[in-house]
Each structure stands twice: as structure tokens, then as C-alpha cells.
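The structure file entry_39.cif is reproduced below (mmCIF, C-alpha atoms).
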```cif
data_model
loop_
_atom_site.label_atom_id
_atom_site.label_comp_id
_atom_site.auth_asym_id
_atom_site.auth_seq_id
_atom_site.Cartn_x
_atom_site.Cartn_y
_atom_site.Cartn_z
CA MET A 679 41.60 245.61 37.15
CA THR A 680 42.56 248.86 38.90
CA LEU A 681 45.80 250.74 38.99
CA THR A 682 47.94 250.10 42.03
CA ALA A 683 50.27 252.62 43.64
CA GLY A 684 53.14 250.69 42.05
CA ASP A 685 51.58 251.05 38.62
CA VAL A 686 51.16 254.77 39.06
CA TRP A 687 54.75 255.11 40.24
CA THR A 688 55.97 253.27 37.13
CA VAL A 689 54.10 255.77 34.95
CA VAL A 690 55.60 258.70 36.87
CA ALA A 691 59.09 257.17 36.86
CA SER A 692 58.86 256.60 33.10
CA ALA A 693 57.93 260.25 32.58
CA LEU A 694 60.82 261.34 34.80
CA VAL A 695 63.35 259.27 32.87
CA LEU A 696 61.97 260.45 29.52
CA PHE A 697 62.31 264.04 30.76
CA MET A 698 66.01 263.36 31.34
CA THR A 699 66.68 263.34 27.60
CA PRO A 700 65.45 266.93 27.02
CA GLY A 701 67.45 267.77 30.16
CA LEU A 702 70.49 266.19 28.54
CA ALA A 703 69.79 268.23 25.41
CA LEU A 704 70.00 271.43 27.47
CA PHE A 705 73.09 270.20 29.33
CA TYR A 706 74.88 269.29 26.11
CA GLY A 707 73.53 272.26 24.17
CA GLY A 708 74.96 274.75 26.65
CA MET A 709 78.34 273.01 26.60
CA THR A 710 78.81 273.27 22.85
CA ARG A 711 79.42 276.32 20.69
CA ALA A 712 76.61 278.75 19.86
CA LYS A 713 76.73 277.78 16.19
CA ALA A 714 76.08 274.11 17.02
CA VAL A 715 73.57 274.31 19.89
CA LEU A 716 70.49 273.33 17.86
CA ASN A 717 72.20 270.41 16.19
CA MET A 718 73.42 269.14 19.55
CA MET A 719 69.95 269.34 21.09
CA LEU A 720 68.31 267.80 18.03
CA MET A 721 70.65 264.79 18.29
CA SER A 722 69.03 264.06 21.65
CA PHE A 723 65.50 264.68 20.43
CA ILE A 724 65.80 262.49 17.35
CA SER A 725 67.11 259.74 19.63
CA ILE A 726 63.72 259.78 21.36
CA GLY A 727 61.90 259.24 18.09
CA LEU A 728 64.19 256.63 16.59
CA VAL A 729 64.77 254.55 19.70
CA THR A 730 61.09 254.51 20.64
CA VAL A 731 60.16 253.10 17.23
CA VAL A 732 62.92 250.47 17.48
CA TRP A 733 61.87 249.58 21.03
CA VAL A 734 58.22 249.08 20.16
CA LEU A 735 58.94 247.01 17.05
CA TRP A 736 61.74 244.72 18.21
CA GLY A 737 63.98 246.33 20.85
CA TYR A 738 61.85 245.35 23.82
CA SER A 739 61.66 241.78 22.54
CA MET A 740 65.45 241.62 22.14
CA SER A 741 66.02 242.84 25.69
CA GLY A 742 63.63 240.56 27.55
CA GLY A 743 62.13 237.87 25.33
CA ASP A 744 63.08 234.26 24.74
CA SER A 745 66.83 233.69 24.89
CA ILE A 746 68.71 232.89 21.67
CA LEU A 747 72.37 232.71 20.63
CA GLY A 748 73.48 231.28 23.96
CA GLY A 749 72.09 234.13 26.05
CA LEU A 750 73.56 236.99 24.02
CA VAL A 751 70.17 238.34 23.03
CA ALA A 752 66.47 237.52 23.03
CA ASP A 753 64.27 236.66 20.09
CA PRO A 754 63.28 239.94 18.34
CA THR A 755 59.97 238.44 17.25
CA SER A 756 58.85 237.30 20.71
CA ALA A 757 56.86 240.48 21.34
CA PHE A 758 57.14 242.22 17.98
CA GLY A 759 55.21 245.48 17.99
CA LEU A 760 54.21 244.74 21.60
CA ASN A 761 51.03 243.18 20.23
CA ASN A 762 51.00 240.28 22.67
CA LEU A 763 51.38 242.70 25.60
CA ILE A 764 48.10 244.48 24.89
CA GLY A 765 45.72 243.90 27.74
CA THR A 766 48.51 243.20 30.22
CA GLY A 767 50.41 245.29 32.75
CA ASP A 768 53.67 244.39 30.99
CA LEU A 769 53.25 247.45 28.78
CA LEU A 770 54.19 249.56 31.80
CA GLY A 771 57.56 247.85 32.01
CA ALA A 772 58.02 248.11 28.26
CA ALA A 773 57.54 251.88 28.39
CA PHE A 774 59.84 252.24 31.38
CA GLY A 775 62.54 250.24 29.60
CA ALA A 776 62.24 252.38 26.48
CA THR A 777 63.22 255.52 28.38
CA PHE A 778 66.49 253.88 29.47
CA ALA A 779 67.32 252.92 25.91
CA ILE A 780 66.64 256.48 24.75
CA ILE A 781 68.88 258.24 27.28
CA THR A 782 71.71 255.73 26.73
CA VAL A 783 71.88 256.44 23.01
CA ALA A 784 71.52 260.19 23.51
CA LEU A 785 74.46 260.23 25.92
CA ILE A 786 76.84 259.15 23.16
CA SER A 787 76.11 262.21 21.02
CA GLY A 788 78.07 264.57 23.26
CA ALA A 789 81.35 262.91 22.29
CA ILE A 790 81.06 263.99 18.64
CA ALA A 791 79.52 267.44 19.06
CA ASP A 792 79.94 270.05 16.31
CA ARG A 793 81.24 267.67 13.64
CA ALA A 794 79.03 264.65 12.95
CA LYS A 795 76.64 264.44 10.01
CA PHE A 796 73.07 264.51 11.27
CA GLY A 797 72.09 261.89 8.72
CA ALA A 798 74.90 259.59 9.84
CA TRP A 799 73.76 259.96 13.45
CA ALA A 800 70.18 259.15 12.42
CA VAL A 801 71.44 255.91 10.85
CA PHE A 802 73.73 255.05 13.78
CA VAL A 803 71.05 255.41 16.47
CA PRO A 804 68.62 252.62 15.48
CA ILE A 805 71.40 250.22 14.51
CA TRP A 806 73.31 250.75 17.75
CA ALA A 807 70.16 250.47 19.84
CA THR A 808 69.38 247.18 18.09
CA LEU A 809 72.81 245.53 18.04
CA VAL A 810 74.44 246.94 21.17
CA TYR A 811 71.98 248.31 23.71
CA ALA A 812 69.20 245.71 23.51
CA PRO A 813 71.51 242.66 23.66
CA LEU A 814 73.53 244.08 26.55
CA ALA A 815 70.34 244.93 28.43
CA PHE A 816 69.28 241.31 27.96
CA MET A 817 72.65 239.98 29.10
CA VAL A 818 72.56 242.03 32.33
CA TRP A 819 68.85 242.42 33.15
CA GLY A 820 66.77 240.15 30.93
CA GLY A 821 67.93 236.65 31.83
CA GLY A 822 70.92 236.50 29.51
CA LEU A 823 74.60 235.71 29.76
CA LEU A 824 75.51 237.67 32.91
CA THR A 825 72.41 236.95 34.97
CA GLU A 826 72.02 234.27 37.63
CA ASP A 827 70.83 231.67 35.12
CA GLY A 828 73.16 232.74 32.31
CA ALA A 829 76.23 230.82 31.18
CA ILE A 830 78.64 233.26 32.80
CA GLY A 831 76.50 234.46 35.70
CA SER A 832 75.75 230.93 36.89
CA ARG A 833 79.46 230.12 37.03
CA PHE A 834 81.05 233.35 38.23
CA GLY A 835 78.13 235.01 40.02
CA GLU A 836 75.52 237.52 38.92
CA ALA A 837 76.82 241.05 38.47
CA ILE A 838 75.08 243.89 40.31
CA ASP A 839 73.83 246.67 38.06
CA PHE A 840 70.63 247.99 39.58
CA ALA A 841 69.92 250.87 37.21
CA GLY A 842 72.53 250.95 34.47
CA GLY A 843 76.23 251.21 35.28
CA LEU A 844 77.05 248.52 32.71
CA VAL A 845 74.08 248.82 30.39
CA VAL A 846 73.83 252.61 30.27
CA HIS A 847 76.94 254.52 31.29
CA ILE A 848 79.86 252.21 30.55
CA ASN A 849 78.10 251.17 27.36
CA ALA A 850 77.66 254.78 26.21
CA GLY A 851 81.17 255.72 27.31
CA VAL A 852 82.81 252.94 25.32
CA ALA A 853 80.76 253.85 22.25
CA ALA A 854 81.94 257.44 22.71
CA VAL A 855 85.58 256.32 22.63
CA ILE A 856 85.04 254.45 19.37
CA LEU A 857 83.22 257.31 17.65
CA ILE A 858 85.83 259.85 18.71
CA VAL A 859 88.59 257.74 17.17
CA ILE A 860 86.66 257.22 13.92
CA VAL A 861 85.22 260.72 13.50
CA GLY A 862 88.32 262.57 14.71
CA ALA A 863 88.85 265.80 16.62
CA ARG A 864 87.31 269.17 15.90
CA LYS A 865 89.38 271.65 13.96
CA GLY A 866 91.39 273.63 16.53
CA PHE A 867 90.83 271.13 19.35
CA GLY A 868 92.87 272.17 22.38
CA LYS A 869 93.82 275.49 20.76
CA ASP A 870 90.61 277.32 19.84
CA PRO A 871 89.19 279.12 22.92
CA ASN A 872 85.83 279.40 21.16
CA GLN A 873 85.25 275.69 21.75
CA ARG A 874 84.41 276.40 25.37
CA PRO A 875 80.77 276.13 26.53
CA HIS A 876 78.72 279.01 25.17
CA ASN A 877 75.83 279.03 27.69
CA LEU A 878 76.54 277.87 31.23
CA PRO A 879 73.04 278.67 32.58
CA LEU A 880 71.70 276.11 30.08
CA VAL A 881 74.25 273.61 31.37
CA MET A 882 73.18 274.10 34.98
CA LEU A 883 69.48 273.93 34.07
CA GLY A 884 70.12 270.71 32.18
CA ALA A 885 72.02 269.23 35.13
CA ALA A 886 69.13 270.12 37.44
CA ILE A 887 66.62 268.38 35.15
CA LEU A 888 68.88 265.33 34.92
CA TRP A 889 69.09 265.11 38.72
CA PHE A 890 65.31 265.49 38.97
CA GLY A 891 64.69 262.77 36.40
CA TRP A 892 67.30 260.51 37.97
CA PHE A 893 65.00 259.79 40.90
CA GLY A 894 62.78 257.99 38.41
CA PHE A 895 65.84 256.40 36.84
CA ASN A 896 67.05 254.87 40.11
CA VAL A 897 63.96 254.60 42.31
CA GLY A 898 61.70 253.49 39.47
CA ALA A 899 62.60 249.81 39.85
CA ALA A 900 62.40 249.68 43.66
CA ASP A 901 60.24 246.81 44.90
CA SER A 902 59.66 247.87 48.53
CA PRO A 903 59.40 251.06 50.61
CA GLU A 904 62.63 250.14 52.38
CA GLN A 905 64.54 249.76 49.15
CA ALA A 906 62.97 252.90 47.67
CA GLY A 907 64.03 254.92 50.71
CA LEU A 908 67.63 253.70 50.47
CA ILE A 909 67.81 254.47 46.76
CA LEU A 910 66.21 257.89 47.24
CA VAL A 911 68.72 258.96 49.89
CA ASN A 912 71.66 257.56 47.94
CA THR A 913 70.55 259.41 44.80
CA MET A 914 70.66 262.63 46.82
CA ALA A 915 73.89 261.90 48.71
CA ALA A 916 76.22 260.65 46.00
CA PRO A 917 75.86 263.54 43.50
CA SER A 918 76.06 266.08 46.32
CA ALA A 919 79.38 264.66 47.46
CA ALA A 920 80.57 264.28 43.86
CA MET A 921 79.93 267.96 43.19
CA LEU A 922 82.07 268.83 46.20
CA GLY A 923 84.80 266.47 45.08
CA TRP A 924 84.88 267.95 41.59
CA LEU A 925 84.90 271.55 42.82
CA LEU A 926 87.66 270.77 45.33
CA THR A 927 89.73 269.22 42.56
CA GLU A 928 89.25 272.29 40.38
CA ARG A 929 90.16 274.62 43.23
CA MET A 930 93.35 272.74 44.00
CA ARG A 931 94.36 272.17 40.37
CA ASP A 932 93.22 275.36 38.67
CA GLY A 933 92.80 277.84 41.49
CA HIS A 934 89.06 278.28 41.05
CA ALA A 935 85.83 276.31 41.19
CA THR A 936 83.48 276.63 38.22
CA SER A 937 79.77 276.31 37.53
CA LEU A 938 80.55 273.82 34.75
CA GLY A 939 82.52 271.77 37.25
CA GLY A 940 79.67 271.84 39.74
CA ALA A 941 77.14 270.68 37.15
CA SER A 942 79.49 268.02 35.80
CA GLY A 943 80.22 266.81 39.32
CA VAL A 944 76.53 266.28 39.98
CA VAL A 945 76.22 264.15 36.85
CA ALA A 946 79.35 262.17 37.71
CA GLY A 947 77.90 261.32 41.12
CA LEU A 948 74.59 260.30 39.58
CA VAL A 949 76.43 258.03 37.16
CA ALA A 950 78.47 256.40 39.94
CA ILE A 951 75.49 255.70 42.19
CA THR A 952 73.35 254.28 39.37
CA PRO A 953 74.60 250.67 39.55
CA ALA A 954 75.02 250.76 43.33
CA CYS A 955 72.00 252.75 44.51
CA ALA A 956 70.15 249.78 46.08
CA ASN A 957 73.18 247.98 47.50
CA ILE A 958 75.25 250.43 49.54
CA SER A 959 74.74 252.57 52.65
CA PRO A 960 74.27 256.35 52.49
CA ILE A 961 77.71 256.89 54.03
CA TRP A 962 79.35 254.79 51.34
CA ALA A 963 77.20 256.58 48.76
CA MET A 964 78.80 259.86 49.79
CA VAL A 965 82.28 258.33 49.70
CA LEU A 966 81.55 256.85 46.29
CA GLY A 967 80.24 260.17 45.02
CA PHE A 968 83.22 262.12 46.35
CA VAL A 969 85.66 259.71 44.73
CA SER A 970 83.79 259.71 41.42
CA GLY A 971 83.74 263.51 41.34
CA ILE A 972 87.50 263.63 41.78
CA ALA A 973 88.13 260.79 39.31
CA SER A 974 85.96 262.31 36.59
CA ALA A 975 87.43 265.79 37.08
CA ILE A 976 90.93 264.37 36.65
CA ALA A 977 89.85 262.29 33.64
CA VAL A 978 88.31 265.27 31.89
CA GLY A 979 91.56 267.18 32.39
CA LEU A 980 93.51 264.41 30.66
CA LYS A 981 91.64 264.50 27.36
CA TYR A 982 93.91 267.20 25.95
CA ARG A 983 97.05 265.26 26.84
CA LEU A 984 95.57 262.14 25.27
CA LYS A 985 94.37 264.16 22.25
CA MET A 986 90.90 262.69 22.55
CA ASP A 987 88.32 265.29 21.56
CA ASP A 988 85.62 264.09 23.94
CA SER A 989 83.71 267.29 23.23
CA LEU A 990 81.24 267.15 26.11
CA ASP A 991 83.09 264.75 28.45
CA VAL A 992 81.13 261.56 27.85
CA ILE A 993 84.22 259.44 28.55
CA GLY A 994 85.41 261.45 31.54
CA VAL A 995 82.00 261.50 33.23
CA HIS A 996 80.00 258.48 32.10
CA LEU A 997 82.67 255.89 31.38
CA VAL A 998 84.95 256.78 34.30
CA SER A 999 82.26 257.23 36.96
CA GLY A 1000 80.36 254.26 35.57
CA LEU A 1001 83.46 252.13 36.09
CA VAL A 1002 84.00 253.55 39.58
CA GLY A 1003 80.43 252.82 40.68
CA THR A 1004 80.28 249.35 39.15
CA VAL A 1005 83.62 248.08 40.47
CA ALA A 1006 83.17 249.74 43.88
CA LEU A 1007 80.30 247.35 44.58
CA GLY A 1008 82.89 244.61 44.91
CA PHE A 1009 84.13 246.42 48.02
CA ILE A 1010 81.12 248.13 49.60
CA ALA A 1011 77.97 246.14 48.73
CA LEU A 1012 75.84 245.56 51.82
CA PRO A 1013 75.31 241.93 52.89
CA SER A 1014 71.69 242.71 53.75
CA GLU A 1015 70.97 243.63 50.12
CA GLY A 1016 72.45 240.52 48.48
CA THR A 1017 76.04 239.45 47.88
CA ALA A 1018 78.39 241.20 50.30
CA GLY A 1019 81.39 243.22 49.19
CA LEU A 1020 84.95 242.73 50.38
CA PHE A 1021 84.66 245.29 53.19
CA TYR A 1022 81.67 243.41 54.62
CA GLY A 1023 83.36 240.02 54.70
CA GLY A 1024 82.22 238.83 51.31
CA GLY A 1025 85.69 238.09 50.02
CA PHE A 1026 86.85 238.79 46.50
CA GLY A 1027 83.99 236.94 44.79
CA LEU A 1028 81.75 239.92 44.01
CA LEU A 1029 84.72 242.06 43.03
CA GLY A 1030 85.75 239.45 40.49
CA THR A 1031 82.20 239.22 39.21
CA GLN A 1032 81.93 242.97 38.74
CA VAL A 1033 85.27 243.23 36.96
CA LEU A 1034 84.41 240.33 34.66
CA ALA A 1035 81.06 241.92 33.80
CA VAL A 1036 82.83 245.19 32.99
CA VAL A 1037 85.33 243.44 30.71
CA ILE A 1038 82.60 241.58 28.82
CA SER A 1039 80.44 244.69 28.47
CA VAL A 1040 83.35 246.83 27.25
CA ALA A 1041 84.51 244.21 24.76
CA TYR A 1042 81.02 243.61 23.36
CA CYS A 1043 80.25 247.31 22.97
CA ALA A 1044 83.68 248.14 21.50
CA VAL A 1045 83.56 245.46 18.83
CA LEU A 1046 79.97 246.06 17.71
CA THR A 1047 80.24 249.86 17.83
CA THR A 1048 83.42 249.78 15.77
CA ILE A 1049 81.76 247.68 13.07
CA ILE A 1050 78.68 249.91 12.96
CA ALA A 1051 80.64 253.17 12.90
CA VAL A 1052 83.19 252.04 10.33
CA VAL A 1053 80.49 250.84 7.93
CA ILE A 1054 78.64 254.15 8.24
CA ASP A 1055 81.85 256.16 7.85
CA LYS A 1056 82.94 254.22 4.75
CA THR A 1057 79.54 254.48 3.08
CA ILE A 1058 77.75 257.77 3.80
CA GLY A 1059 80.51 259.35 5.90
CA PHE A 1060 80.27 260.31 9.54
CA ARG A 1061 81.83 263.77 9.50
CA ILE A 1062 80.83 267.11 8.02
CA THR A 1063 83.33 269.05 5.91
CA GLU A 1064 85.84 271.46 7.42
CA GLU A 1065 84.04 274.37 5.74
CA GLU A 1066 80.72 273.31 7.30
CA GLU A 1067 82.34 272.97 10.70
CA ILE A 1068 83.83 276.46 10.52
CA GLN A 1069 80.57 278.02 9.35
CA GLY A 1070 78.58 276.11 11.97
CA ILE A 1071 76.56 272.92 11.70
CA ASP A 1072 73.32 274.65 12.73
CA VAL A 1073 73.22 276.80 9.61
CA THR A 1074 74.81 274.37 7.16
CA THR A 1075 72.73 271.35 8.15
CA HIS A 1076 69.51 272.76 9.60
CA ALA A 1077 69.37 276.28 8.11
CA GLU A 1078 68.70 277.63 11.60
CA SER A 1079 70.41 279.43 14.43
CA GLY A 1080 69.85 279.03 18.13
CA TYR A 1081 70.18 282.77 18.61
CA ASN A 1082 69.25 285.89 16.69
CA LEU A 1083 72.82 286.75 15.79
CA ALA A 1084 72.20 288.03 12.26
CA GLY A 1085 69.17 290.21 12.80
CA ASP A 1086 66.88 287.58 11.36
CA ALA A 1087 63.92 287.28 13.71
CA SER A 1088 62.91 283.91 12.28
CA GLY A 1089 66.17 282.28 13.32
CA SER A 1090 66.87 281.18 9.75
CA PHE A 1091 69.96 282.13 7.81
CA LEU A 1092 70.28 283.34 4.26
CA PRO A 1093 71.99 281.11 1.68
CA ARG A 1094 75.26 282.47 0.39
CA THR A 1095 76.62 282.79 -3.11
CA THR A 1096 80.15 281.66 -3.87
CA THR A 1097 81.30 285.23 -3.24
CA GLY A 1098 79.71 285.31 0.21
CA ALA A 1099 76.92 287.78 -0.69
CA SER A 1100 73.54 287.01 0.78
CA MET A 1101 70.71 286.07 -1.53
CA ARG A 1102 67.02 286.78 -1.19
CA PRO A 1103 64.19 285.44 -3.33
CA ALA A 1104 62.91 288.34 -5.40
CA GLU A 1105 59.28 287.38 -4.96
CA SER A 1106 58.91 287.77 -1.22
CA GLY A 1107 62.08 289.33 0.09
CA LYS A 1108 62.06 286.87 2.97
CA PRO A 1109 65.04 284.74 4.01
CA LYS A 1110 65.16 281.44 2.20
CA HIS A 1111 66.07 278.24 4.01
CA PHE A 1112 68.80 276.02 2.66
#
```

Would you mind giving the structure from this file in C-alpha cells?
Amino acid sequence: MTLTAGDVWTVVASALVLFMTPGLALFYGGMTRAKAVLNMMLMSFISIGLVTVVWVLWGYSMSGGDSILGGLVADPTSAFGLNNLIGTGDLLGAAFGATFAIITVALISGAIADRAKFGAWAVFVPIWATLVYAPLAFMVWGGGLLTEDGAIGSRFGEAIDFAGGLVVHINAGVAAVILIVIVGARKGFGKDPNQRPHNLPLVMLGAAILWFGWFGFNVGAADSPEQAGLILVNTMAAPSAAMLGWLLTERMRDGHATSLGGASGVVAGLVAITPACANISPIWAMVLGFVSGIASAIAVGLKYRLKMDDSLDVIGVHLVSGLVGTVALGFIALPSEGTAGLFYGGGFGLLGTQVLAVVISVAYCAVLTTIIAVVIDKTIGFRITEEEEIQGIDVTTHAESGYNLAGDASGSFLPRTTTGASMRPAESGKPKHF
């Protein structure tokens, strides 16, 4: 058996989507404070390790195996360890699916930047990937509840979610809401000017990598040149228009457009087009992107009024634009690509289907995430101490600094006595890690 062009493209697309998570690490790392940049980036990197292990052992099986529990999830033992996929081309799809699971979990981390215990996050990741992501992926993509043959999909119609509006962005956004409520706001939220992004070039570099990887994210599942071309153009058009919408909103509201706004606008447009990329025209893609850029910019501005410390705007960007893109399909889905939207004479059927899918996805994620987060918080605790937050989570948790701020070329910090004096081991004179 030889590799086909489609096989090669799946390999490339998988690499592109995997590369999105380091891109997210840069995007998030630049948006946080200098004393928390390494912790923020490491939260993304450890998600790669933990989710990959879960996916190989049982996550893939739960997302696409034999249906159990009425279509809520698949049997976790159906392809345990991927052993029965060896010697088949199905391993390509398993790898591609793993990259989606990884980026979804990593997205959540931005909501609790600067203040979550690294150990608590390391416990949360595999449990959430198992109980929330994998079942929802099965419900939407794997033949479960919301698909054409599922109990709900067969009655109310199959929801459209080509690349992850429901499974990835709304899912991550809802989880972010729950964690913010449970973990609480950072000390000085809304008052401390030092909580602004510390490195905007990193943010823009991260956004560029995300956009680059997103072509694998969206185009990776295309099954024809015609569909691939439509998705490719839409993945260029929507974020471009969203960036303009966000910058225009900033200019009108604040009197100036910002680099952070431009980068965030690009991501908002990418989020909005994700569920709709194969089902709308390029013109509607630009309209959708423009609207999502405005909607997310407004939503991010409301977090201070709502007193929700969404540190890196997971709710404002991923949840809001994910909702915009998913529900908009009920209006603008092309008849030539499946069920038509309202504007193309399809009636209200698809709109109702999309809204119902959103409600079910939000409810499922909210309930399960709350249970997981509360149990972790009540046992090992989810939040670092106030003293650790003030000193900086990089030094207190990882004994490192992202920058050479203390004249220590190694990037490590010296432990402190109770009086604040630095200590050095007498034997070597070198800084000692915590």
C-alpha cells in the first residue's frame, strides 16, 4: 500500500494543528505578566503530553468507537491503546483527532492565568479530556447523540460543526467560565495596571502561528478539491474581516486601534469560521468575520463590568465567536453544501438545530466541568496562595524566570529566607533551585 496525496495531507494537517498549541503558548504567554509567562506557556505544553497519552489509551476510542450510554459516548475499550488500528490507515485519523483534543484543552488555560496551581491543572487536563471533550466529540462527530443517526440528530436534524465550533471553542469557553467562577479573580483585577500584556510581539507571533496552523485545522478534513478551496478562502477571509471589525470597534470606543486588538481579532475570526468554513460563501465568511470581531471586542470590554477575570479573553473570543459562527449557520448555510440556512430558503429548521446543539453542548460541558473543578478545588486546591501570586508563579512554582531580571544568567531564582535575604549553597556558590 502506498501513501496517497490525501494521506500526506493528513500528516501535514496534523502537524499544522499540533503546531497551533505552541503558537497558543506564545499568544497566551505574551498576554500575561512577565512573572507568569513560563507557567502560562507550560500549561499549554503539558496539555500536549497529557492529552496525547489519554487519546492513545482511551480518548480516541471514546470519541469514535462503539456507542454506549444512549449515544453520549463510545466504548473506551473499543480501540484501547490503538492496538487494533496498527496496520491500518485509521492511525492517520487518530493522530489528526488528537491534535484537536490538545488545542481544545490548552485554550481553557488562558482563563485562569497567573493563579492556578500547576499540579491542579495537570490533574484537570486528563480528566476533562476524558469526561468532557471525548464524549462531546463523539456526540457531534463520531456517530453519537447529535449526529444524523443519533437520538437527537435523527429527530431534530444533524447540527453543522465542520471543524469545532461546538466541540472546540464553545466547549473550551464554557469550561473557562466555570473555572473562573471557582478559582476566582486575580488580586488587583481591574485595578492593577501591571496585569496588562507584558510582551505584545510574542502575542502577534503567536497569533500568526495560530492562523498558519488553522489551515490544517479547517482544511484538514476536506474531502474534495472544491471543498478544500472554499475552506481555504474562507479561512483567509473571515479572520481578515474580523481583525478589521475589532480594530474599528477599538477606534470608535477607545480612540485608538491596538496590536493586541488586531491579533485578538484574527483569532476571533478564525474561531467564528471554524464551524462554518465548508458551508458558507466567501462573502458571508467576511460578514461573519466582521461581526465576530465586533462581538468579541465588545464582549472582552464587558469582563470588568461583569467582574469576570477572564485573564486572556477565552470567553470573549472563543465562547462568543464560537456561538456567533455556530448559530450563524442557521441563516447563511449554502444549499449546495447540505442543509440550507434561512437566507437561502431553508426555513428555520437548521437554525433550530444549531441552537439546540449549542444548548446541549453548553449544558453538558457546564455540568461536567463544574463537578471536575469542584472536586479538585476541594481536595488539592485549584489556586495558589496570595503570596505566591504576588511574588510570581514562575519563581514560586517552577523556580525559573522567563527573563534575566535578577542578573542570574541561568534564569533560576535564589530561594529566600524568611527575612527576604537571598541564600546560596556554600559549596558551589551557584543559585539553588526551589

How would you write, as a PyMOL selection string, the residues chosen by the PyMOL selection byres ((chain A and resi 792) around 6) on this structure?
chain A and resi 714+791+793

Nearest to Leu908 of chain A, chosen from A:Leu980, A:Ile781, A:Ala956, A:Ile858, with all atoms listed in the file counted in the distances:
A:Ala956

Please provide as a ChimeraX atom specification all residues within 8 Å of segment 911-923 of chain A, with the sequence filter that same-chain residues fewer than 3 positions apart are discarded (counting only C-alpha atoms).
/A:892-893,896,907-908,926-927,939-948,950-952,955,959-960,963-972

Given the choices A:Ala1018, A:Val995, A:Leu681, A:Leu938, which gets closest to Asn957 of chain A if the distance is worked out from all atoms listed in the file?
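Looking at the shortest contact to Asn957 of chain A, the residue is A:Ala1018.
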
To one decimal in Å, tell me the separation between atom CA of Leu925 of chain A and atom CA of Ile976 of chain A.
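Taking atom CA of Leu925 of chain A and atom CA of Ile976 of chain A, their separation equals 11.2 Å.
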
Translate the PyMOL selection byres ((chain A and resi 1030-1045) around 9), as applied to the file shown, into an explicit residue set as a ChimeraX atom specification.
/A:810-811,814,818,824,831,834-839,844-845,848-850,852-853,855-856,1001,1004-1008,1026-1029,1046-1050

Would you mind exporting the chosen residues as a PDB file, in the coordinates of the input, restricted to C-alpha atoms?
```
ATOM      1  CA  VAL A 810      74.440 246.940  21.170  1.00  0.00           C
ATOM      2  CA  TYR A 811      71.980 248.310  23.710  1.00  0.00           C
ATOM      3  CA  LEU A 814      73.530 244.080  26.550  1.00  0.00           C
ATOM      4  CA  VAL A 818      72.560 242.030  32.330  1.00  0.00           C
ATOM      5  CA  LEU A 824      75.510 237.670  32.910  1.00  0.00           C
ATOM      6  CA  GLY A 831      76.500 234.460  35.700  1.00  0.00           C
ATOM      7  CA  PHE A 834      81.050 233.350  38.230  1.00  0.00           C
ATOM      8  CA  GLY A 835      78.130 235.010  40.020  1.00  0.00           C
ATOM      9  CA  GLU A 836      75.520 237.520  38.920  1.00  0.00           C
ATOM     10  CA  ALA A 837      76.820 241.050  38.470  1.00  0.00           C
ATOM     11  CA  ILE A 838      75.080 243.890  40.310  1.00  0.00           C
ATOM     12  CA  ASP A 839      73.830 246.670  38.060  1.00  0.00           C
ATOM     13  CA  LEU A 844      77.050 248.520  32.710  1.00  0.00           C
ATOM     14  CA  VAL A 845      74.080 248.820  30.390  1.00  0.00           C
ATOM     15  CA  ILE A 848      79.860 252.210  30.550  1.00  0.00           C
ATOM     16  CA  ASN A 849      78.100 251.170  27.360  1.00  0.00           C
ATOM     17  CA  ALA A 850      77.660 254.780  26.210  1.00  0.00           C
ATOM     18  CA  VAL A 852      82.810 252.940  25.320  1.00  0.00           C
ATOM     19  CA  ALA A 853      80.760 253.850  22.250  1.00  0.00           C
ATOM     20  CA  VAL A 855      85.580 256.320  22.630  1.00  0.00           C
ATOM     21  CA  ILE A 856      85.040 254.450  19.370  1.00  0.00           C
ATOM     22  CA  LEU A1001      83.460 252.130  36.090  1.00  0.00           C
ATOM     23  CA  THR A1004      80.280 249.350  39.150  1.00  0.00           C
ATOM     24  CA  VAL A1005      83.620 248.080  40.470  1.00  0.00           C
ATOM     25  CA  ALA A1006      83.170 249.740  43.880  1.00  0.00           C
ATOM     26  CA  LEU A1007      80.300 247.350  44.580  1.00  0.00           C
ATOM     27  CA  GLY A1008      82.890 244.610  44.910  1.00  0.00           C
ATOM     28  CA  PHE A1026      86.850 238.790  46.500  1.00  0.00           C
ATOM     29  CA  GLY A1027      83.990 236.940  44.790  1.00  0.00           C
ATOM     30  CA  LEU A1028      81.750 239.920  44.010  1.00  0.00           C
ATOM     31  CA  LEU A1029      84.720 242.060  43.030  1.00  0.00           C
ATOM     32  CA  LEU A1046      79.970 246.060  17.710  1.00  0.00           C
ATOM     33  CA  THR A1047      80.240 249.860  17.830  1.00  0.00           C
ATOM     34  CA  THR A1048      83.420 249.780  15.770  1.00  0.00           C
ATOM     35  CA  ILE A1049      81.760 247.680  13.070  1.00  0.00           C
ATOM     36  CA  ILE A1050      78.680 249.910  12.960  1.00  0.00           C
TER      37      ILE A1050
END
```

Can you list, as a list in words, the residues that the PyMOL selection byres ((chain A and resi 730) around 10) selects here?
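In the shown coordinates, the PyMOL selection byres ((chain A and resi 730) around 10) covers Ile724, Ser725, Ile726, Gly727, Leu728, Val729, Val731, Val732, Trp733, Val734, Leu735, Gly737, Tyr738, Ala773, Ala776, Thr777, Ala779, Ile780, Pro804 and Ala807 of chain A.
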
Kindly give the distance, in Å, that separates atom CA of Val803 of chain A and atom CA of Met721 of chain A, rounded to a single decimal.
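Calculated distance between atom CA of Val803 of chain A and atom CA of Met721 of chain A is 9.6 Å.
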
What is the distance between atom CA of Val846 of chain A and atom CA of Pro1013 of chain A, in Å to one decimal?
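According to the coordinates, atom CA of Val846 of chain A and atom CA of Pro1013 of chain A are separated by 25.1 Å.
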
Which residues, written as an MDAnalysis selection string, have at least one atom at most 12 Å from Leu883 of chain A, with all atoms listed in the file counted and residues fewer than 4 positions away on the same chain left out?
chainID A and resid 698 700:709 877:879 887:890 937:938 940:942 944

Find, counting all atoms listed in the file, the residue in A:Gly775, A:Gly767, A:Gly1070, A:Gly759 that gets nearest to Gly894 of chain A.
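Once distances to Gly894 of chain A are computed over all atoms listed in the file, the minimum belongs to A:Gly775.
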
Of the residues A:Leu750, A:Ala935, A:Val1073, A:Met817, which is the one nearest to Val715 of chain A, using only C-alpha atoms?
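Of A:Leu750, A:Ala935, A:Val1073, A:Met817, the one nearest Val715 of chain A, counting only C-alpha atoms, is A:Val1073.
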
A:Met719, A:Leu769, A:Ala794, A:Ala691 ranked by distance to Thr1063 of chain A, top pick (using all atoms listed in the file):
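Answer, going by the shortest atom-to-atom distance: A:Ala794.
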
Rank A:Gly898, A:Val751, A:Leu763, A:Thr936 by their smallest atom-to-atom distance to Met882 of chain A, using only C-alpha atoms, and report the top residue only.
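Closest to Met882 of chain A, using only C-alpha atoms: A:Thr936.
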